[in-house]
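Next comes run05.cif, with mmCIF, C-alpha atoms; chains and numbers go by the auth columns.
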data_entry
loop_
_atom_site.group_PDB
_atom_site.id
_atom_site.type_symbol
_atom_site.label_atom_id
_atom_site.label_comp_id
_atom_site.label_asym_id
_atom_site.label_seq_id
_atom_site.Cartn_x
_atom_site.Cartn_y
_atom_site.Cartn_z
_atom_site.B_iso_or_equiv
_atom_site.auth_seq_id
_atom_site.auth_asym_id
ATOM 1 C CA THR A 1 51.636 79.682 -5.531 0.00 1 Z
ATOM 2 C CA PRO A 2 53.424 80.563 -8.819 0.00 2 Z
ATOM 3 C CA GLY A 3 50.381 82.549 -9.961 0.00 3 Z
ATOM 4 C CA LEU A 4 50.251 84.585 -6.766 0.00 4 Z
ATOM 5 C CA ILE A 5 54.007 85.227 -6.868 0.00 5 Z
ATOM 6 C CA HIS A 6 53.637 86.454 -10.449 0.00 6 Z
ATOM 7 C CA ARG A 7 50.930 88.918 -9.398 0.00 7 Z
ATOM 8 C CA LEU A 8 52.997 90.125 -6.441 0.00 8 Z
ATOM 9 C CA LYS A 9 55.998 90.738 -8.696 0.00 9 Z
ATOM 10 C CA ALA A 10 53.665 92.740 -10.931 0.00 10 Z
ATOM 11 C CA GLN A 11 53.210 95.196 -8.014 0.00 11 Z
ATOM 12 C CA GLN A 12 49.805 93.829 -6.995 0.00 12 Z
ATOM 13 C CA SER A 13 48.860 93.285 -3.349 0.00 13 Z
ATOM 14 C CA VAL A 14 47.581 89.919 -2.159 0.00 14 Z
ATOM 15 C CA ALA A 15 45.777 89.150 1.124 0.00 15 Z
ATOM 16 C CA LEU A 16 45.614 85.555 2.311 0.00 16 Z
ATOM 17 C CA ILE A 17 42.635 85.067 4.609 0.00 17 Z
ATOM 18 C CA THR A 18 41.191 81.932 6.225 0.00 18 Z
ATOM 19 C CA ASP A 19 37.852 81.357 7.939 0.00 19 Z
ATOM 20 C CA ALA A 20 39.522 79.701 10.943 0.00 20 Z
ATOM 21 C CA GLY A 21 42.989 79.819 12.466 0.00 21 Z
ATOM 22 C CA THR A 22 46.012 81.708 11.227 0.00 22 Z
ATOM 23 C CA PRO A 23 47.415 81.163 7.723 0.00 23 Z
ATOM 24 C CA GLY A 24 50.854 79.563 7.776 0.00 24 Z
ATOM 25 C CA ILE A 25 50.411 77.518 10.963 0.00 25 Z
ATOM 26 C CA SER A 26 50.232 73.868 9.807 0.00 26 Z
ATOM 27 C CA ASP A 27 48.851 75.377 6.637 0.00 27 Z
ATOM 28 C CA PRO A 28 49.920 75.503 2.946 0.00 28 Z
ATOM 29 C CA ALA A 29 50.422 79.268 3.259 0.00 29 Z
ATOM 30 C CA PHE A 30 53.939 78.353 4.362 0.00 30 Z
ATOM 31 C CA TYR A 31 54.855 77.609 0.747 0.00 31 Z
ATOM 32 C CA LEU A 32 53.647 81.011 -0.427 0.00 32 Z
ATOM 33 C CA VAL A 33 55.575 82.786 2.334 0.00 33 Z
ATOM 34 C CA ARG A 34 58.738 80.848 1.509 0.00 34 Z
ATOM 35 C CA GLU A 35 58.557 81.725 -2.189 0.00 35 Z
ATOM 36 C CA ALA A 36 57.799 85.377 -1.444 0.00 36 Z
ATOM 37 C CA ILE A 37 60.904 85.556 0.737 0.00 37 Z
ATOM 38 C CA LYS A 38 62.992 84.098 -2.078 0.00 38 Z
ATOM 39 C CA GLU A 39 61.701 86.857 -4.385 0.00 39 Z
ATOM 40 C CA ASN A 40 62.353 89.610 -1.797 0.00 40 Z
ATOM 41 C CA ILE A 41 58.643 90.418 -1.633 0.00 41 Z
ATOM 42 C CA LYS A 42 57.510 92.264 1.485 0.00 42 Z
ATOM 43 C CA ILE A 43 55.297 90.176 3.779 0.00 43 Z
ATOM 44 C CA GLU A 44 53.113 91.343 6.642 0.00 44 Z
ATOM 45 C CA ALA A 45 51.523 89.056 9.238 0.00 45 Z
ATOM 46 C CA ILE A 46 48.410 90.303 11.000 0.00 46 Z
ATOM 47 C CA PRO A 47 47.821 88.509 14.335 0.00 47 Z
ATOM 48 C CA GLY A 48 44.717 86.365 14.451 0.00 48 Z
ATOM 49 C CA ALA A 49 43.211 83.380 16.198 0.00 49 Z
ATOM 50 C CA THR A 50 45.584 80.408 16.398 0.00 50 Z
ATOM 51 C CA ALA A 51 44.040 77.244 17.806 0.00 51 Z
ATOM 52 C CA PHE A 52 47.055 75.860 19.675 0.00 52 Z
ATOM 53 C CA VAL A 53 47.681 78.991 21.786 0.00 53 Z
ATOM 54 C CA PRO A 54 44.270 79.096 23.525 0.00 54 Z
ATOM 55 C CA ALA A 55 44.262 75.284 23.680 0.00 55 Z
ATOM 56 C CA VAL A 56 47.500 75.111 25.673 0.00 56 Z
ATOM 57 C CA ILE A 57 46.325 77.961 27.923 0.00 57 Z
ATOM 58 C CA LEU A 58 43.021 76.208 28.674 0.00 58 Z
ATOM 59 C CA SER A 59 44.648 72.789 29.070 0.00 59 Z
ATOM 60 C CA GLY A 60 45.872 73.410 32.603 0.00 60 Z
ATOM 61 C CA LEU A 61 49.202 71.839 31.633 0.00 61 Z
ATOM 62 C CA PRO A 62 52.578 73.617 31.975 0.00 62 Z
ATOM 63 C CA THR A 63 52.982 76.534 29.576 0.00 63 Z
ATOM 64 C CA ASP A 64 56.506 77.614 30.508 0.00 64 Z
ATOM 65 C CA ARG A 65 57.946 75.232 27.900 0.00 65 Z
ATOM 66 C CA PHE A 66 55.982 73.611 25.099 0.00 66 Z
ATOM 67 C CA VAL A 67 56.561 72.322 21.578 0.00 67 Z
ATOM 68 C CA PHE A 68 54.129 72.507 18.675 0.00 68 Z
ATOM 69 C CA GLU A 69 54.299 69.376 16.502 0.00 69 Z
ATOM 70 C CA GLY A 70 51.405 70.089 14.138 0.00 70 Z
ATOM 71 C CA PHE A 71 49.889 67.038 12.424 0.00 71 Z
ATOM 72 C CA LEU A 72 51.453 63.618 12.889 0.00 72 Z
ATOM 73 C CA PRO A 73 52.188 61.695 9.681 0.00 73 Z
ATOM 74 C CA ALA A 74 49.071 59.837 8.556 0.00 74 Z
ATOM 75 C CA LYS A 75 50.990 56.612 7.876 0.00 75 Z
ATOM 76 C CA LYS A 76 54.741 56.329 7.343 0.00 76 Z
ATOM 77 C CA GLY A 77 56.862 57.776 10.137 0.00 77 Z
ATOM 78 C CA ARG A 78 53.981 58.125 12.570 0.00 78 Z
ATOM 79 C CA HIS A 79 55.264 55.708 15.205 0.00 79 Z
ATOM 80 C CA SER A 80 58.869 56.886 14.931 0.00 80 Z
ATOM 81 C CA ARG A 81 57.773 60.515 15.421 0.00 81 Z
ATOM 82 C CA LEU A 82 55.990 59.604 18.637 0.00 82 Z
ATOM 83 C CA GLU A 83 58.946 57.534 19.817 0.00 83 Z
ATOM 84 C CA SER A 84 61.218 60.542 19.297 0.00 84 Z
ATOM 85 C CA LEU A 85 58.931 62.659 21.504 0.00 85 Z
ATOM 86 C CA LYS A 86 58.060 60.301 24.354 0.00 86 Z
ATOM 87 C CA ASP A 87 60.970 61.444 26.585 0.00 87 Z
ATOM 88 C CA ASP A 88 60.502 65.165 25.890 0.00 88 Z
ATOM 89 C CA PRO A 89 59.749 66.985 29.184 0.00 89 Z
ATOM 90 C CA ARG A 90 57.969 69.862 27.437 0.00 90 Z
ATOM 91 C CA THR A 91 54.210 70.055 26.962 0.00 91 Z
ATOM 92 C CA LEU A 92 53.428 68.561 23.531 0.00 92 Z
ATOM 93 C CA ILE A 93 50.855 70.031 21.151 0.00 93 Z
ATOM 94 C CA PHE A 94 49.385 68.267 18.126 0.00 94 Z
ATOM 95 C CA TYR A 95 46.747 69.097 15.531 0.00 95 Z
ATOM 96 C CA GLU A 96 44.431 66.370 14.288 0.00 96 Z
ATOM 97 C CA SER A 97 41.481 65.912 11.974 0.00 97 Z
ATOM 98 C CA PRO A 98 38.167 64.397 13.141 0.00 98 Z
ATOM 99 C CA LYS A 99 38.810 61.305 10.996 0.00 99 Z
ATOM 100 C CA ARG A 100 41.974 60.360 12.884 0.00 100 Z
ATOM 101 C CA ILE A 101 41.463 61.883 16.333 0.00 101 Z
ATOM 102 C CA TRP A 102 40.725 58.678 18.244 0.00 102 Z
ATOM 103 C CA ARG A 103 43.374 56.690 16.393 0.00 103 Z
ATOM 104 C CA THR A 104 45.937 59.360 17.257 0.00 104 Z
ATOM 105 C CA LEU A 105 44.960 59.416 20.938 0.00 105 Z
ATOM 106 C CA LYS A 106 45.322 55.622 21.078 0.00 106 Z
ATOM 107 C CA ASP A 107 48.726 55.788 19.362 0.00 107 Z
ATOM 108 C CA ILE A 108 49.919 58.430 21.851 0.00 108 Z
ATOM 109 C CA TYR A 109 48.662 56.306 24.740 0.00 109 Z
ATOM 110 C CA HIS A 110 50.459 53.186 23.481 0.00 110 Z
ATOM 111 C CA VAL A 111 53.792 55.006 23.018 0.00 111 Z
ATOM 112 C CA PHE A 112 53.718 57.517 25.906 0.00 112 Z
ATOM 113 C CA GLY A 113 51.697 55.584 28.456 0.00 113 Z
ATOM 114 C CA ASP A 114 48.934 57.198 30.486 0.00 114 Z
ATOM 115 C CA ARG A 115 49.518 60.947 30.846 0.00 115 Z
ATOM 116 C CA LYS A 116 47.499 64.067 31.501 0.00 116 Z
ATOM 117 C CA VAL A 117 45.925 65.387 28.328 0.00 117 Z
ATOM 118 C CA ALA A 118 43.574 68.114 27.152 0.00 118 Z
ATOM 119 C CA LEU A 119 41.521 67.602 24.021 0.00 119 Z
ATOM 120 C CA ALA A 120 40.274 70.844 22.485 0.00 120 Z
ATOM 121 C CA ARG A 121 37.775 71.057 19.639 0.00 121 Z
ATOM 122 C CA GLU A 122 36.794 73.981 17.416 0.00 122 Z
ATOM 123 C CA MET A 123 38.944 76.505 19.266 0.00 123 Z
ATOM 124 C CA THR A 124 37.853 80.165 19.071 0.00 124 Z
ATOM 125 C CA LYS A 125 34.649 79.133 17.268 0.00 125 Z
ATOM 126 C CA LYS A 126 31.001 78.693 18.229 0.00 126 Z
ATOM 127 C CA PHE A 127 31.184 75.053 19.335 0.00 127 Z
ATOM 128 C CA GLU A 128 34.457 75.280 21.233 0.00 128 Z
ATOM 129 C CA GLN A 129 34.894 72.422 23.692 0.00 129 Z
ATOM 130 C CA VAL A 130 37.718 71.230 25.952 0.00 130 Z
ATOM 131 C CA ILE A 131 37.952 68.033 27.972 0.00 131 Z
ATOM 132 C CA ARG A 132 40.747 67.252 30.402 0.00 132 Z
ATOM 133 C CA GLY A 133 41.927 64.119 32.151 0.00 133 Z
ATOM 134 C CA SER A 134 44.273 61.236 31.616 0.00 134 Z
ATOM 135 C CA LEU A 135 44.606 59.610 28.201 0.00 135 Z
ATOM 136 C CA ALA A 136 42.898 56.494 29.577 0.00 136 Z
ATOM 137 C CA GLU A 137 39.964 58.550 30.874 0.00 137 Z
ATOM 138 C CA VAL A 138 39.529 60.462 27.625 0.00 138 Z
ATOM 139 C CA LEU A 139 39.639 57.268 25.556 0.00 139 Z
ATOM 140 C CA LYS A 140 36.940 55.702 27.757 0.00 140 Z
ATOM 141 C CA ASP A 141 34.683 58.706 27.117 0.00 141 Z
ATOM 142 C CA GLU A 142 34.915 58.545 23.336 0.00 142 Z
ATOM 143 C CA ASP A 143 31.142 58.650 22.754 0.00 143 Z
ATOM 144 C CA ALA A 144 30.732 61.820 24.837 0.00 144 Z
ATOM 145 C CA PHE A 145 33.003 63.876 22.600 0.00 145 Z
ATOM 146 C CA PRO A 146 31.859 64.235 18.981 0.00 146 Z
ATOM 147 C CA ALA A 147 34.531 63.678 16.337 0.00 147 Z
ATOM 148 C CA LYS A 148 33.602 66.841 14.468 0.00 148 Z
ATOM 149 C CA GLY A 149 35.662 69.917 13.732 0.00 149 Z
ATOM 150 C CA GLU A 150 39.401 70.438 14.078 0.00 150 Z
ATOM 151 C CA PHE A 151 41.191 69.172 17.184 0.00 151 Z
ATOM 152 C CA VAL A 152 44.148 70.242 19.299 0.00 152 Z
ATOM 153 C CA ILE A 153 45.727 67.594 21.534 0.00 153 Z
ATOM 154 C CA VAL A 154 47.805 68.915 24.442 0.00 154 Z
ATOM 155 C CA VAL A 155 49.847 66.236 26.243 0.00 155 Z
ATOM 156 C CA HIS A 156 51.871 66.549 29.436 0.00 156 Z
ATOM 157 C CA GLY A 157 55.613 66.094 28.849 0.00 157 Z
ATOM 158 C CA LYS A 158 57.521 63.264 30.478 0.00 158 Z
ATOM 159 C CA GLU A 159 57.895 63.854 34.185 0.00 159 Z
ATOM 160 C CA LYS A 160 61.106 63.131 36.069 0.00 160 Z
ATOM 161 C CA SER A 161 60.876 59.981 38.170 0.00 161 Z
ATOM 162 C CA LYS A 162 61.623 60.363 41.832 0.00 162 Z
ATOM 163 C CA LEU A 163 63.267 57.944 44.233 0.00 163 Z
ATOM 164 C CA VAL A 164 63.313 58.202 47.985 0.00 164 Z
ATOM 165 C CA LEU A 165 65.920 56.163 49.853 0.00 165 Z
ATOM 166 C CA THR A 166 64.890 55.473 53.442 0.00 166 Z
ATOM 167 C CA LEU A 167 67.930 55.112 55.706 0.00 167 Z
ATOM 168 C CA ALA A 168 67.605 54.800 59.465 0.00 168 Z
ATOM 169 C CA GLY A 169 64.120 56.265 59.331 0.00 169 Z
ATOM 170 C CA GLN A 170 65.172 59.216 57.175 0.00 170 Z
ATOM 171 C CA GLU A 171 63.862 59.765 53.668 0.00 171 Z
ATOM 172 C CA LEU A 172 66.675 60.859 51.370 0.00 172 Z
ATOM 173 C CA PRO A 173 65.626 62.344 48.013 0.00 173 Z
ATOM 174 C CA ILE A 174 67.501 60.992 44.998 0.00 174 Z
ATOM 175 C CA VAL A 175 67.667 63.360 42.035 0.00 175 Z
ATOM 176 C CA LEU A 176 67.660 61.648 38.657 0.00 176 Z
ATOM 177 C CA SER A 177 70.456 62.526 36.289 0.00 177 Z
ATOM 178 C CA SER A 178 71.541 61.419 32.846 0.00 178 Z
ATOM 179 C CA GLN A 179 75.161 61.669 33.961 0.00 179 Z
ATOM 180 C CA SER A 180 76.597 58.790 35.949 0.00 180 Z
ATOM 181 C CA THR A 181 79.301 59.071 38.599 0.00 181 Z
ATOM 182 C CA GLU A 182 81.799 56.275 38.829 0.00 182 Z
ATOM 183 C CA LYS A 183 84.458 56.613 41.500 0.00 183 Z
ATOM 184 C CA SER A 184 87.124 53.938 41.653 0.00 184 Z
ATOM 185 C CA GLY A 185 84.720 51.052 41.355 0.00 185 Z
ATOM 186 C CA GLN A 186 82.633 52.076 44.399 0.00 186 Z
ATOM 187 C CA ALA A 187 79.526 52.892 42.365 0.00 187 Z
ATOM 188 C CA HIS A 188 77.193 50.200 41.143 0.00 188 Z
ATOM 189 C CA SER A 189 74.687 50.965 38.392 0.00 189 Z
ATOM 190 C CA MET A 190 71.139 51.757 39.537 0.00 190 Z
ATOM 191 C CA SER A 191 69.928 52.128 35.966 0.00 191 Z
ATOM 192 C CA GLU A 192 71.346 52.359 32.495 0.00 192 Z
ATOM 193 C CA ASP A 193 71.481 56.147 32.889 0.00 193 Z
ATOM 194 C CA SER A 194 73.082 56.830 36.237 0.00 194 Z
ATOM 195 C CA THR A 195 74.712 55.463 39.388 0.00 195 Z
ATOM 196 C CA VAL A 196 74.913 56.258 43.071 0.00 196 Z
ATOM 197 C CA SER A 197 78.192 56.312 44.980 0.00 197 Z
ATOM 198 C CA LEU A 198 78.557 54.168 48.095 0.00 198 Z
ATOM 199 C CA GLY A 199 80.845 56.815 49.498 0.00 199 Z
ATOM 200 C CA ILE A 200 78.017 59.361 49.441 0.00 200 Z
ATOM 201 C CA LEU A 201 75.638 56.848 51.035 0.00 201 Z
ATOM 202 C CA ALA A 202 78.105 56.076 53.795 0.00 202 Z
ATOM 203 C CA GLN A 203 78.491 59.783 54.568 0.00 203 Z
ATOM 204 C CA THR A 204 74.707 60.158 54.618 0.00 204 Z
ATOM 205 C CA LEU A 205 74.344 57.554 57.373 0.00 205 Z
ATOM 206 C CA ALA A 206 76.447 59.708 59.678 0.00 206 Z
ATOM 207 C CA SER A 207 74.591 62.935 58.832 0.00 207 Z
ATOM 208 C CA PRO A 208 71.394 63.997 60.672 0.00 208 Z
ATOM 209 C CA LYS A 209 70.248 66.002 57.637 0.00 209 Z
ATOM 210 C CA PRO A 210 68.910 64.512 54.404 0.00 210 Z
ATOM 211 C CA SER A 211 71.399 64.696 51.552 0.00 211 Z
ATOM 212 C CA THR A 212 70.590 65.050 47.868 0.00 212 Z
ATOM 213 C CA PHE A 213 72.631 63.156 45.328 0.00 213 Z
ATOM 214 C CA GLU A 214 72.286 61.943 41.789 0.00 214 Z
ATOM 215 C CA SER A 215 70.844 58.531 40.989 0.00 215 Z
ATOM 216 C CA SER A 216 68.028 56.780 39.186 0.00 216 Z
ATOM 217 C CA ASP A 217 67.042 53.326 40.421 0.00 217 Z
ATOM 218 C CA SER A 218 67.763 50.669 43.049 0.00 218 Z
ATOM 219 C CA SER A 219 70.526 48.093 42.809 0.00 219 Z
ATOM 220 C CA HIS A 220 72.548 45.691 44.948 0.00 220 Z
ATOM 221 C CA PHE A 221 75.171 47.480 46.986 0.00 221 Z
ATOM 222 C CA LYS A 222 78.465 45.813 47.779 0.00 222 Z
ATOM 223 C CA GLY A 223 81.531 46.937 49.637 0.00 223 Z
ATOM 224 C CA PRO A 224 82.206 48.567 52.994 0.00 224 Z
ATOM 225 C CA SER A 225 78.661 49.855 53.621 0.00 225 Z
ATOM 226 C CA GLU A 226 76.719 46.575 53.763 0.00 226 Z
ATOM 227 C CA GLU A 227 74.122 48.275 56.015 0.00 227 Z
ATOM 228 C CA VAL A 228 72.967 50.299 53.035 0.00 228 Z
ATOM 229 C CA ALA A 229 71.975 47.193 51.112 0.00 229 Z
ATOM 230 C CA SER A 230 69.454 46.159 53.749 0.00 230 Z
ATOM 231 C CA GLN A 231 67.621 49.474 53.827 0.00 231 Z
ATOM 232 C CA HIS A 232 64.328 50.108 52.068 0.00 232 Z
ATOM 233 C CA LEU A 233 64.157 51.907 48.730 0.00 233 Z
ATOM 234 C CA SER A 234 60.671 53.218 47.967 0.00 234 Z
ATOM 235 C CA LEU A 235 59.565 54.496 44.561 0.00 235 Z
ATOM 236 C CA ILE A 236 57.167 57.440 44.411 0.00 236 Z
#
Render the structure in this file as structure tokens.
Amino acid sequence: TPGLIHRLKAQQSVALITDAGTPGISDPAFYLVREAIKENIKIEAIPGATAFVPAVILSGLPTDRFVFEGFLPAKKGRHSRLESLKDDPRTLIFYESPKRIWRTLKDIYHVFGDRKVALAREMTKKFEQVIRGSLAEVLKDEDAFPAKGEFVIVVHGKEKSKLVLTLAGQELPIVLSSQSTEKSGQAHSMSEDSTVSLGILAQTLASPKPSTFESSDSSHFKGPSEEVASQHLSLI
């Protein structure tokens, strides 16, 4: 990098070209760009093939919100990085080398659980290949997918859990929320994240239309609406 910066400051032009992908994306070209900016050197980026963009498009997973994580740490900090991402609702994108691809998929499976995934190999090149399925399915089919070339792993973000409370034959959707509502001791915790108010449940019993309210899990109800406690709570 210092040598190239010296040549640029000497009024020479430098082109950074790679045989695959775009320079600067999970690539040491970042360091050159950073130093050039510090020296007020003009930089131009010419659009080219970037593996993660076609990979997420071909994955079949949501593309409205996604996060590119690049390569996971090879050793230190690997597990903690995955732990920090397991509750992210966005589609997650990782790069990985053929040497660590199966280890990384197993690590993701152990931290995230079984989720939809797309495994893309050699994107935009001759031997491009994409397989889709659950993490468990992909891991079972290890022999059918050669560990050669550069990989993109696209993982479905964490989905919101859904609860349906069945009261008097009516299914009442319960929307999960990270905010709990506690009203004068009438709410009992349904999870560590949120609660459901007995007052709302009591009103629901008298209403012919399903009502939507915030909650997260089942619990033991106490108080004036004992009928609620005996109803069925089904998890879907």
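Taking CA of Tyr109 in chain Z and CA of Gly21 in chain Z as endpoints, the distance between them is 27.1 Å.
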Residues near Arg78 in chain Z, cut-off 12 Å, all atoms listed in the file, skip fewer than 2 positions along chain, as number ranges by chain | Z: 69, 71-76, 80-85, 103-104, 107-108, 111
Restrict the selected residues to C-alpha atoms and save them as a PDB file, keeping the file's coordinate frame.
ATOM      1  CA  GLU Z  69      54.299  69.376  16.502  1.00  0.00           C
ATOM      2  CA  PHE Z  71      49.889  67.038  12.424  1.00  0.00           C
ATOM      3  CA  LEU Z  72      51.453  63.618  12.889  1.00  0.00           C
ATOM      4  CA  PRO Z  73      52.188  61.695   9.681  1.00  0.00           C
ATOM      5  CA  ALA Z  74      49.071  59.837   8.556  1.00  0.00           C
ATOM      6  CA  LYS Z  75      50.990  56.612   7.876  1.00  0.00           C
ATOM      7  CA  LYS Z  76      54.741  56.329   7.343  1.00  0.00           C
ATOM      8  CA  SER Z  80      58.869  56.886  14.931  1.00  0.00           C
ATOM      9  CA  ARG Z  81      57.773  60.515  15.421  1.00  0.00           C
ATOM     10  CA  LEU Z  82      55.990  59.604  18.637  1.00  0.00           C
ATOM     11  CA  GLU Z  83      58.946  57.534  19.817  1.00  0.00           C
ATOM     12  CA  SER Z  84      61.218  60.542  19.297  1.00  0.00           C
ATOM     13  CA  LEU Z  85      58.931  62.659  21.504  1.00  0.00           C
ATOM     14  CA  ARG Z 103      43.374  56.690  16.393  1.00  0.00           C
ATOM     15  CA  THR Z 104      45.937  59.360  17.257  1.00  0.00           C
ATOM     16  CA  ASP Z 107      48.726  55.788  19.362  1.00  0.00           C
ATOM     17  CA  ILE Z 108      49.919  58.430  21.851  1.00  0.00           C
ATOM     18  CA  VAL Z 111      53.792  55.006  23.018  1.00  0.00           C
TER      19      VAL Z 111
END
What separation in Å, quoted to one decimal, exists between CA of Ala29 in chain Z and CA of Ile41 in chain Z?
-> 14.7 Å
Residues within 8 Å of Lys116 in chain Z, only C-alpha atoms, excluding chain neighbours under 4 positions, as number ranges by chain = Z: 61, 132-135, 155-156
So, counting only C-alpha atoms, which residue among Z:Ile93, Z:Val154, Z:Leu4, Z:Ala55 is closest to Glu35 in chain Z?
-> Z:Leu4
List, as number ranges by chain, every residue that the PyMOL selection byres ((chain Z and resi 147) around 8) selects in the file provided.
-> Z: 98-99, 101, 145-146, 148-149
Can you tell me, as a JSON list (two decimals) with C-alpha atoms, in the coordinates of the input, what residues are no more than 10 Å from Pro28 in chain Z when counting all atoms listed in the file, ignoring any on the same chain fewer than 5 positions away?
[["chain", "number", "residue", "atom", "x", "y", "z"],
["Z", 1, "THR", "CA", 51.64, 79.68, -5.53],
["Z", 23, "PRO", "CA", 47.42, 81.16, 7.72],
["Z", 33, "VAL", "CA", 55.58, 82.79, 2.33]]
Work out how far CA of Phe94 in chain Z is from CA of Ile37 in chain Z, in Å to one decimal.
-> 27.1 Å
